[in-house]
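**Student:** Mind having a look at this structure? Questions to follow.
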Amino acid sequence: MADTPGGLRRTPLHDLHLARGARMVPFAGWEMPVQYPMGVLGEHNHTRAKAGLFDVSHMGQIVLRPAVEWPSGHARPAAHEEVNDLKLRLETLVAADVLGIPQGRQRYGLFTTPEGGVLDDLMIADKGDHLLLVVNAANVEADLAHLRTLEGTDVVLLDARSLMALQGPEAEAVLERLVPGVAAMRFMDVAEFDWDGARLWVSRSGYTGEDGFEISIPDHRAVEFAEALLGDEAVALIGLGARDSLRLEAGMPLYGNDMDAGTTPGSAGLGWSIPKVRRTGGARAGGFPGAERILAELAEGAKATRRGLRPEGRAPIREGVPLYEAETGGEPIGTVRSGGFGPTVGGPIATATLPAHLPEGATVWAELRGKRIPATIVPLPFIKPSYKR
Amino acid sequence: MLRYTEDHEWLRAEGEEVVVGITAHAAEQLGDVVFIELPEVGREVTKGEEIVVIESVKAASEITAPLAGTITAVNDAVEADPGSVNSDAAAAWFFRIKPTEPDLTGFMDEAAYQAMIG
């Protein structure tokens, strides 16, 4: 990675983005492509129809290892028991069943705050003798500081590996041609492969609702690998603009919009990521920051939670738009957390924190430019995901 | 002859009226347009008043009245097909206005506009 004079960091694919006509924008301290000449709508539809390639090298890749040494003082491979102990230590920060992640699998989890909010969301992979975490770019420093409070744990932020996502119905066929063996992976599997002498860390996951892969590769081979993928006519580069509309249609939360330190997991609709074993009465109940409040809320049922909305007409309702129970008067009952146009849905879509008692199909009113527009509460996601289970 | 505003509108005088749209440059900057709300025909507007809402895949923005006057027609086709602004901005007019003072000499010509957008 490199720094610009403005202090923004650049990924190893920066020149490739420019050569392919990307419009670059500042994003979480990085200079990232928001769209290419195909445009946001075209890129969105391309990903749903064929395969989209996303540069997500701005995300934090963090390796956790048990701090164990040979008598000589050199690090030695960790034993199974030692990795289990590491997983239990991570459970003091993450409200997920970390211990139960099988080797070669990954799981979604939340770092929580002492007040019961969400510090970040992340993926946790069990890679045998260590854990691999992928965290949001904007939260890397906070997450590292948090992880470094763990005793007996080596915490390393990887600064020489790029991360790409290949998403869409043709992702499997495209990647299998370059990296034989990946087609056998199932949703949320993690595995390592060799590609022309480069060690790839592959997971079958993504942020689009499509089948696909996320691939970590050493920085010095990243351009070559991206070009090899782009050599397939099914593959096009996709920017942050379409990444957002794809994830919104897939009902996936965006940290900073759908949840933050002021949002509990229950009200973000992410209670599913906290399994029975970590809940009240479970074998390893609580033990993470804010557990008392978070678990009490999950036991009672959150009073407000994240819902899907389909506004009437074509006008998108975006982040911050207030929502009302009636066409006139009253106080706001919630706020749009993520909103925009859903190209596959063919109309505006949004997520909002709304009182849990409102049933699906109920109408709420979004106040936009002084007018109230009716919007129907619908289940998430907006599209049917096509993961390979 | 087309005239241009600093807000990237193009203006075309037709008799006592002026037809208004946005430039291809503006459409490209906005990104894919997904929603347009036009003013009501017959509305009297003041110069600089926000009268058109444009939503792209990225953000909402407003188009202002370049002149004071009365809206005499709006292009329903562009409301029905907002993407036409991206495919042909010069044809995708928004509204016709009958200005109280039909003088376009204060607006930029093609050369001045091209110089502004560099």
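Going by the structure tokens order, chains are called A, B, ..., each with residues numbered from 1, while ligands are numbered from 1 in the order shown.
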May I have the residues within 12 Å of Glu233 in chain A as a ChimeraX atom specification, using only C-alpha atoms and disregarding those fewer than 6 positions away in the same chain?
**Tutor:** /A:46,50-53,170-171,173-174,227
**Student:** Do me a favour and pick out the residues of chain B within 8 Å of chain A, using only C-alpha atoms, as an MDAnalysis selection string.
**Tutor:** chainID B and resid 31:32 34:36 55 57:58
**Student:** Compile the contact shell of Leu150 in chain A as a short mmCIF file (atom, residue, chain, number, x, y, z; two decimals) with N, CA and C atoms, in the first residue's frame: residues with an atom at most 8 Å away, counting only C-alpha atoms, same-chain residues fewer than 4 positions apart removed.
**Tutor:**
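This is the output file part_5.cif:
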```cif
data_model
loop_
_atom_site.label_atom_id
_atom_site.label_comp_id
_atom_site.auth_asym_id
_atom_site.auth_seq_id
_atom_site.Cartn_x
_atom_site.Cartn_y
_atom_site.Cartn_z
N ARG A 89 -10.71 -16.65 24.63
CA ARG A 89 -10.32 -15.26 24.93
C ARG A 89 -11.04 -14.30 23.98
N LEU A 90 -11.13 -14.67 22.70
CA LEU A 90 -11.81 -13.79 21.74
C LEU A 90 -13.30 -13.65 22.09
N HIS A 146 -8.49 -2.93 20.85
CA HIS A 146 -9.37 -3.81 21.60
C HIS A 146 -8.75 -5.21 21.70
#
```
**Student:** For range 91-99 of chain B, work out the shell of residues within 9 Å, counting only C-alpha atoms and skipping chain neighbours fewer than 5 positions away, then give it as a ChimeraX atom specification.
**Tutor:** /B:10,16-22,38-39,41,52,65,67-79,82,84-86
**Student:** Next, the residues of the selection above should be written as a tab-separated table (two decimals), in the first residue's frame with N, CA, C and O atoms.
**Tutor:**
```
chain	number	residue	atom	x	y	z
B	10	TRP	N	-28.64	23.75	-19.22
B	10	TRP	CA	-28.63	24.38	-20.55
B	10	TRP	C	-29.97	25.08	-20.77
B	10	TRP	O	-31.01	24.62	-20.28
B	16	GLU	N	-41.02	33.24	-26.88
B	16	GLU	CA	-41.02	33.97	-25.60
B	16	GLU	C	-40.65	33.05	-24.43
B	16	GLU	O	-40.63	33.48	-23.30
B	17	GLU	N	-40.40	31.78	-24.76
B	17	GLU	CA	-40.14	30.81	-23.68
B	17	GLU	C	-38.70	30.32	-23.72
B	17	GLU	O	-37.99	30.46	-24.72
B	18	VAL	N	-38.30	29.69	-22.62
B	18	VAL	CA	-36.96	29.11	-22.52
B	18	VAL	C	-37.11	27.66	-22.07
B	18	VAL	O	-37.84	27.38	-21.11
B	19	VAL	N	-36.47	26.75	-22.81
B	19	VAL	CA	-36.47	25.33	-22.45
B	19	VAL	C	-35.22	25.05	-21.63
B	19	VAL	O	-34.14	25.56	-21.96
B	20	VAL	N	-35.38	24.27	-20.54
B	20	VAL	CA	-34.27	24.06	-19.60
B	20	VAL	C	-34.02	22.57	-19.38
B	20	VAL	O	-34.96	21.78	-19.19
B	21	GLY	N	-32.76	22.20	-19.43
B	21	GLY	CA	-32.34	20.83	-19.06
B	21	GLY	C	-31.00	20.90	-18.35
B	21	GLY	O	-30.53	21.99	-18.00
B	22	ILE	N	-30.38	19.73	-18.11
B	22	ILE	CA	-29.03	19.76	-17.54
B	22	ILE	C	-28.04	19.22	-18.57
B	22	ILE	O	-28.42	18.47	-19.47
B	38	LEU	N	-40.60	17.06	-11.19
B	38	LEU	CA	-40.68	18.34	-11.91
B	38	LEU	C	-41.73	19.25	-11.26
B	38	LEU	O	-42.63	18.77	-10.57
B	39	PRO	N	-41.62	20.56	-11.51
B	39	PRO	CA	-42.59	21.49	-10.90
B	39	PRO	C	-43.96	21.38	-11.60
B	39	PRO	O	-44.08	20.79	-12.67
B	41	VAL	N	-47.06	22.72	-13.75
B	41	VAL	CA	-47.28	23.70	-14.83
B	41	VAL	C	-48.13	24.85	-14.27
B	41	VAL	O	-49.09	24.61	-13.54
B	52	VAL	N	-36.68	21.52	-9.25
B	52	VAL	CA	-36.59	20.13	-9.73
B	52	VAL	C	-35.75	19.33	-8.75
B	52	VAL	O	-34.70	19.80	-8.31
B	65	ALA	N	-34.47	27.40	-10.62
B	65	ALA	CA	-34.99	28.17	-11.75
B	65	ALA	C	-33.92	29.17	-12.18
B	65	ALA	O	-33.46	29.97	-11.37
B	67	LEU	N	-34.26	31.64	-14.16
B	67	LEU	CA	-34.89	32.95	-14.37
B	67	LEU	C	-36.20	32.99	-13.60
B	67	LEU	O	-36.80	31.94	-13.35
B	68	ALA	N	-36.66	34.18	-13.29
B	68	ALA	CA	-38.01	34.32	-12.72
B	68	ALA	C	-39.02	34.20	-13.85
B	68	ALA	O	-38.73	34.59	-14.98
B	69	GLY	N	-40.17	33.61	-13.55
B	69	GLY	CA	-41.19	33.48	-14.59
B	69	GLY	C	-42.23	32.45	-14.24
B	69	GLY	O	-42.38	32.09	-13.07
B	70	THR	N	-42.91	31.94	-15.27
B	70	THR	CA	-43.98	30.97	-15.09
B	70	THR	C	-43.64	29.68	-15.83
B	70	THR	O	-43.21	29.73	-16.99
B	71	ILE	N	-43.82	28.54	-15.17
B	71	ILE	CA	-43.59	27.25	-15.81
B	71	ILE	C	-44.75	26.99	-16.78
B	71	ILE	O	-45.92	27.00	-16.37
B	72	THR	N	-44.43	26.78	-18.06
B	72	THR	CA	-45.50	26.60	-19.05
B	72	THR	C	-45.66	25.15	-19.49
B	72	THR	O	-46.69	24.77	-20.04
B	73	ALA	N	-44.63	24.32	-19.27
B	73	ALA	CA	-44.73	22.89	-19.62
B	73	ALA	C	-43.63	22.13	-18.90
B	73	ALA	O	-42.59	22.71	-18.54
B	74	VAL	N	-43.88	20.84	-18.64
B	74	VAL	CA	-42.82	19.98	-18.10
B	74	VAL	C	-42.77	18.71	-18.94
B	74	VAL	O	-43.76	18.33	-19.58
B	75	ASN	N	-41.62	18.06	-18.92
B	75	ASN	CA	-41.41	16.86	-19.75
B	75	ASN	C	-41.72	15.60	-18.93
B	75	ASN	O	-40.86	15.06	-18.24
B	76	ASP	N	-42.97	15.16	-19.04
B	76	ASP	CA	-43.38	13.97	-18.28
B	76	ASP	C	-42.55	12.74	-18.65
B	76	ASP	O	-42.35	11.84	-17.83
B	77	ALA	N	-42.06	12.71	-19.88
B	77	ALA	CA	-41.29	11.54	-20.34
B	77	ALA	C	-40.02	11.35	-19.51
B	77	ALA	O	-39.60	10.22	-19.27
B	78	VAL	N	-39.43	12.45	-19.08
B	78	VAL	CA	-38.19	12.34	-18.33
B	78	VAL	C	-38.47	11.89	-16.88
B	78	VAL	O	-37.65	11.22	-16.25
B	79	GLU	N	-39.67	12.22	-16.39
B	79	GLU	CA	-40.06	11.71	-15.07
B	79	GLU	C	-40.27	10.20	-15.14
B	79	GLU	O	-39.92	9.45	-14.23
B	82	PRO	N	-36.17	8.36	-16.00
B	82	PRO	CA	-35.10	9.26	-15.52
B	82	PRO	C	-33.75	8.95	-16.17
B	82	PRO	O	-32.93	9.83	-16.33
B	84	SER	N	-33.06	8.60	-19.11
B	84	SER	CA	-32.86	9.29	-20.38
B	84	SER	C	-31.96	10.52	-20.20
B	84	SER	O	-31.34	10.97	-21.16
B	85	VAL	N	-31.86	11.04	-18.99
B	85	VAL	CA	-30.95	12.16	-18.72
B	85	VAL	C	-29.50	11.72	-18.94
B	85	VAL	O	-28.67	12.47	-19.45
B	86	ASN	N	-29.19	10.47	-18.56
B	86	ASN	CA	-27.83	9.97	-18.75
B	86	ASN	C	-27.57	9.61	-20.21
B	86	ASN	O	-26.47	9.83	-20.72
```
**Student:** Please identify which residues in chain B DSSP calls helix (DSSP H, G or I) from the backbone, and express them as a PyMOL selection string.
**Tutor:** chain B and resi 24-30+76-80+84-87+110-117
**Student:** Excluding Gly100 in chain A and residues on its chain fewer than 3 positions from it, collect all residues at most 10 Å away from it, counting only C-alpha atoms, and give them as a list of chain:residue names.
**Tutor:**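 After dropping sequence-adjacent residues, the list is A:Asn84, A:Lys87, A:Leu88, A:Ala96, A:Asp97, A:Gln103, A:Arg105, A:Arg107, A:Asp126, A:Val277.
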**Student:** Tell me which protein, DNA and RNA residues are within 6 Å of range 258-264 of chain A, counting only C-alpha atoms, leaving out same-chain ones fewer than 4 positions away, and put them as a list in words.
**Tutor:**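 Residues near the query, excluding close chain neighbours: Gly116, Gly117, Val118, Leu119, Pro253, Leu254, Ala268 and Arg337 of chain A.
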**Student:** Could you write out that same residue set with N, CA and C atoms as a PDB file, in the first residue's frame?
**Tutor:**
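Ended up saving to again.pdb:
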```pdb
ATOM      1  N   GLY A 116     -23.387  -1.887  25.515  1.00  0.00           N
ATOM      2  CA  GLY A 116     -24.299  -2.759  24.776  1.00  0.00           C
ATOM      3  C   GLY A 116     -24.452  -2.396  23.316  1.00  0.00           C
ATOM      4  N   GLY A 117     -23.612  -1.489  22.818  1.00  0.00           N
ATOM      5  CA  GLY A 117     -23.654  -1.128  21.405  1.00  0.00           C
ATOM      6  C   GLY A 117     -22.730  -2.021  20.579  1.00  0.00           C
ATOM      7  N   VAL A 118     -22.616  -1.680  19.310  1.00  0.00           N
ATOM      8  CA  VAL A 118     -21.765  -2.459  18.400  1.00  0.00           C
ATOM      9  C   VAL A 118     -20.523  -1.638  18.046  1.00  0.00           C
ATOM     10  N   LEU A 119     -19.346  -2.183  18.368  1.00  0.00           N
ATOM     11  CA  LEU A 119     -18.078  -1.511  18.067  1.00  0.00           C
ATOM     12  C   LEU A 119     -17.684  -1.755  16.607  1.00  0.00           C
ATOM     13  N   PRO A 253     -26.250  -5.481   6.780  1.00  0.00           N
ATOM     14  CA  PRO A 253     -26.056  -4.206   7.477  1.00  0.00           C
ATOM     15  C   PRO A 253     -24.718  -3.568   7.110  1.00  0.00           C
ATOM     16  N   LEU A 254     -24.690  -2.245   7.127  1.00  0.00           N
ATOM     17  CA  LEU A 254     -23.454  -1.485   6.923  1.00  0.00           C
ATOM     18  C   LEU A 254     -23.086  -0.818   8.236  1.00  0.00           C
ATOM     19  N   ALA A 268     -30.407  -3.744  15.937  1.00  0.00           N
ATOM     20  CA  ALA A 268     -29.856  -3.788  14.575  1.00  0.00           C
ATOM     21  C   ALA A 268     -30.352  -5.018  13.817  1.00  0.00           C
ATOM     22  N   ARG A 337     -31.934   4.065   8.056  1.00  0.00           N
ATOM     23  CA  ARG A 337     -30.514   3.830   8.360  1.00  0.00           C
ATOM     24  C   ARG A 337     -29.704   3.671   7.082  1.00  0.00           C
TER      25      ARG A 337
END
```
**Student:** What does the structure give for the distance between CA of Val98 in chain A and CA of Ala183 in chain A, in Å to one decimal?
**Tutor:**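 Distance between the two atoms: 25.9 Å.
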**Student:** Can you pull out every residue within 8 Å of Leu200 in chain A, counting only C-alpha atoms, but drop anything in the same chain fewer than 3 positions away, and send it as a list in words?
**Tutor:**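 After dropping sequence-adjacent residues, the list is Glu192, Phe193, Asp194, Trp195, Ile215, Ser216, Ile217 and Pro218 of chain A.
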**Student:** Residues of the last selection are to be written out with N, CA, C and O atoms, as a compact mmCIF listing (two decimals), in the first residue's frame.
**Tutor:**
```txt
# COMPACT_ATOMS: atom_id res chain seq x y z
N GLU A 192 -6.93 -22.56 1.68
CA GLU A 192 -5.80 -21.95 0.98
C GLU A 192 -5.53 -22.71 -0.31
O GLU A 192 -5.70 -23.93 -0.37
N PHE A 193 -5.12 -21.97 -1.33
CA PHE A 193 -4.82 -22.55 -2.64
C PHE A 193 -3.55 -21.88 -3.18
O PHE A 193 -3.23 -20.75 -2.79
N ASP A 194 -2.87 -22.60 -4.09
CA ASP A 194 -1.75 -21.98 -4.79
C ASP A 194 -2.21 -21.50 -6.14
O ASP A 194 -2.91 -22.22 -6.87
N TRP A 195 -1.84 -20.27 -6.49
CA TRP A 195 -2.08 -19.79 -7.85
C TRP A 195 -0.74 -19.29 -8.39
O TRP A 195 -0.22 -18.28 -7.92
N ILE A 215 -10.90 -13.25 -1.69
CA ILE A 215 -9.58 -13.82 -1.95
C ILE A 215 -8.50 -12.88 -1.44
O ILE A 215 -8.41 -11.74 -1.89
N SER A 216 -7.70 -13.38 -0.51
CA SER A 216 -6.56 -12.62 0.00
C SER A 216 -5.30 -13.10 -0.72
O SER A 216 -5.08 -14.30 -0.85
N ILE A 217 -4.49 -12.15 -1.21
CA ILE A 217 -3.31 -12.50 -2.02
C ILE A 217 -2.18 -11.54 -1.66
O ILE A 217 -2.45 -10.37 -1.35
N PRO A 218 -0.93 -12.01 -1.69
CA PRO A 218 0.17 -11.07 -1.41
C PRO A 218 0.11 -9.86 -2.34
O PRO A 218 -0.14 -10.01 -3.55
```
**Student:** Using the chain letters and numbers from this document, which residues of chain B does DSSP assign to strand (DSSP E or B), as number ranges by chain?
**Tutor:** B: 2-4, 9-14, 17-22, 33-37, 44-45, 50-56, 60-64, 69-74, 95-99, 108
**Student:** Produce a file of the selected residues containing N, CA and C atoms, as a short mmCIF file (atom, residue, chain, number, x, y, z; two decimals), in the first residue's frame.
**Tutor:**
```cif
data_model
loop_
_atom_site.label_atom_id
_atom_site.label_comp_id
_atom_site.auth_asym_id
_atom_site.auth_seq_id
_atom_site.Cartn_x
_atom_site.Cartn_y
_atom_site.Cartn_z
N LEU B 2 -27.48 27.69 -27.54
CA LEU B 2 -27.65 27.30 -26.15
C LEU B 2 -26.87 28.22 -25.22
N ARG B 3 -27.46 28.47 -24.08
CA ARG B 3 -26.78 29.19 -23.01
C ARG B 3 -26.68 28.26 -21.80
N TYR B 4 -25.79 28.60 -20.91
CA TYR B 4 -25.53 27.70 -19.76
C TYR B 4 -25.48 28.47 -18.45
N GLU B 9 -27.05 23.92 -16.04
CA GLU B 9 -28.28 23.82 -16.82
C GLU B 9 -28.00 24.36 -18.22
N TRP B 10 -28.64 23.75 -19.22
CA TRP B 10 -28.63 24.38 -20.55
C TRP B 10 -29.97 25.08 -20.77
N LEU B 11 -29.93 26.22 -21.48
CA LEU B 11 -31.13 27.03 -21.73
C LEU B 11 -31.25 27.24 -23.24
N ARG B 12 -32.45 27.01 -23.77
CA ARG B 12 -32.66 27.22 -25.20
C ARG B 12 -33.88 28.12 -25.39
N ALA B 13 -33.66 29.30 -25.96
CA ALA B 13 -34.77 30.24 -26.18
C ALA B 13 -35.63 29.74 -27.33
N GLU B 14 -36.95 29.70 -27.10
CA GLU B 14 -37.90 29.34 -28.17
C GLU B 14 -39.05 30.33 -28.09
N GLU B 17 -40.40 31.78 -24.76
CA GLU B 17 -40.14 30.81 -23.68
C GLU B 17 -38.70 30.32 -23.72
N VAL B 18 -38.30 29.69 -22.62
CA VAL B 18 -36.96 29.11 -22.52
C VAL B 18 -37.11 27.66 -22.07
N VAL B 19 -36.47 26.75 -22.81
CA VAL B 19 -36.47 25.33 -22.45
C VAL B 19 -35.22 25.05 -21.63
N VAL B 20 -35.38 24.27 -20.54
CA VAL B 20 -34.27 24.06 -19.60
C VAL B 20 -34.02 22.57 -19.38
N GLY B 21 -32.76 22.20 -19.43
CA GLY B 21 -32.34 20.83 -19.06
C GLY B 21 -31.00 20.90 -18.35
N ILE B 22 -30.38 19.73 -18.11
CA ILE B 22 -29.03 19.76 -17.54
C ILE B 22 -28.04 19.22 -18.57
N VAL B 33 -29.29 8.44 -13.07
CA VAL B 33 -30.44 9.14 -12.47
C VAL B 33 -31.60 8.15 -12.34
N VAL B 34 -32.18 8.10 -11.14
CA VAL B 34 -33.25 7.12 -10.89
C VAL B 34 -34.59 7.76 -10.56
N PHE B 35 -34.60 9.08 -10.32
CA PHE B 35 -35.85 9.74 -9.94
C PHE B 35 -35.76 11.22 -10.27
N ILE B 36 -36.82 11.73 -10.87
CA ILE B 36 -36.90 13.18 -11.15
C ILE B 36 -38.29 13.66 -10.77
N GLU B 37 -38.33 14.78 -10.06
CA GLU B 37 -39.62 15.41 -9.72
C GLU B 37 -39.63 16.81 -10.32
N GLU B 44 -45.51 29.93 -10.59
CA GLU B 44 -44.65 31.11 -10.74
C GLU B 44 -43.43 30.93 -9.87
N VAL B 45 -42.25 31.08 -10.46
CA VAL B 45 -41.01 30.81 -9.73
C VAL B 45 -40.12 32.04 -9.73
N GLU B 50 -35.45 26.39 -5.89
CA GLU B 50 -35.26 24.97 -6.21
C GLU B 50 -36.58 24.40 -6.71
N ILE B 51 -36.60 23.95 -7.97
CA ILE B 51 -37.89 23.52 -8.54
C ILE B 51 -37.87 22.10 -9.10
N VAL B 52 -36.68 21.52 -9.25
CA VAL B 52 -36.59 20.13 -9.73
C VAL B 52 -35.75 19.33 -8.75
N VAL B 53 -36.22 18.13 -8.40
CA VAL B 53 -35.42 17.21 -7.58
C VAL B 53 -34.87 16.13 -8.49
N ILE B 54 -33.58 15.90 -8.42
CA ILE B 54 -32.96 14.81 -9.18
C ILE B 54 -32.30 13.87 -8.18
N GLU B 55 -32.66 12.60 -8.24
CA GLU B 55 -31.99 11.60 -7.40
C GLU B 55 -31.21 10.68 -8.32
N SER B 56 -29.91 10.56 -8.04
CA SER B 56 -29.12 9.57 -8.76
C SER B 56 -28.90 8.40 -7.82
N ALA B 60 -29.18 12.93 -3.75
CA ALA B 60 -30.23 13.82 -4.22
C ALA B 60 -29.62 15.18 -4.52
N SER B 61 -30.12 15.84 -5.56
CA SER B 61 -29.69 17.21 -5.82
C SER B 61 -30.88 17.99 -6.37
N GLU B 62 -30.75 19.30 -6.35
CA GLU B 62 -31.86 20.15 -6.81
C GLU B 62 -31.42 20.98 -8.00
N ILE B 63 -32.37 21.26 -8.88
CA ILE B 63 -32.15 22.17 -9.99
C ILE B 63 -32.96 23.44 -9.70
N THR B 64 -32.31 24.57 -9.89
CA THR B 64 -32.98 25.84 -9.57
C THR B 64 -33.51 26.50 -10.84
N GLY B 69 -40.17 33.61 -13.55
CA GLY B 69 -41.19 33.48 -14.59
C GLY B 69 -42.23 32.45 -14.24
N THR B 70 -42.91 31.94 -15.27
CA THR B 70 -43.98 30.97 -15.09
C THR B 70 -43.64 29.68 -15.83
N ILE B 71 -43.82 28.54 -15.17
CA ILE B 71 -43.59 27.25 -15.81
C ILE B 71 -44.75 26.99 -16.78
N THR B 72 -44.43 26.78 -18.06
CA THR B 72 -45.50 26.60 -19.05
C THR B 72 -45.66 25.15 -19.49
N ALA B 73 -44.63 24.32 -19.27
CA ALA B 73 -44.73 22.89 -19.62
C ALA B 73 -43.63 22.13 -18.90
N VAL B 74 -43.88 20.84 -18.64
CA VAL B 74 -42.82 19.98 -18.10
C VAL B 74 -42.77 18.71 -18.94
N PHE B 95 -38.20 21.44 -18.19
CA PHE B 95 -39.38 22.31 -18.15
C PHE B 95 -39.19 23.47 -19.13
N ARG B 96 -40.33 24.11 -19.48
CA ARG B 96 -40.32 25.35 -20.25
C ARG B 96 -40.77 26.45 -19.30
N ILE B 97 -40.10 27.57 -19.39
CA ILE B 97 -40.45 28.69 -18.52
C ILE B 97 -40.67 29.92 -19.39
N LYS B 98 -41.71 30.71 -19.04
CA LYS B 98 -41.92 32.00 -19.71
C LYS B 98 -41.37 33.06 -18.76
N PRO B 99 -40.16 33.55 -19.07
CA PRO B 99 -39.53 34.46 -18.12
C PRO B 99 -40.18 35.84 -18.10
N MET B 108 -23.70 32.02 -19.78
CA MET B 108 -22.51 31.59 -20.53
C MET B 108 -22.90 31.03 -21.90
#
```
**Student:** May I ask for the distance between CA of Val68 in chain A and CA of Lys127 in chain A, given in Å to one decimal place?
**Tutor:** 16.6 Å
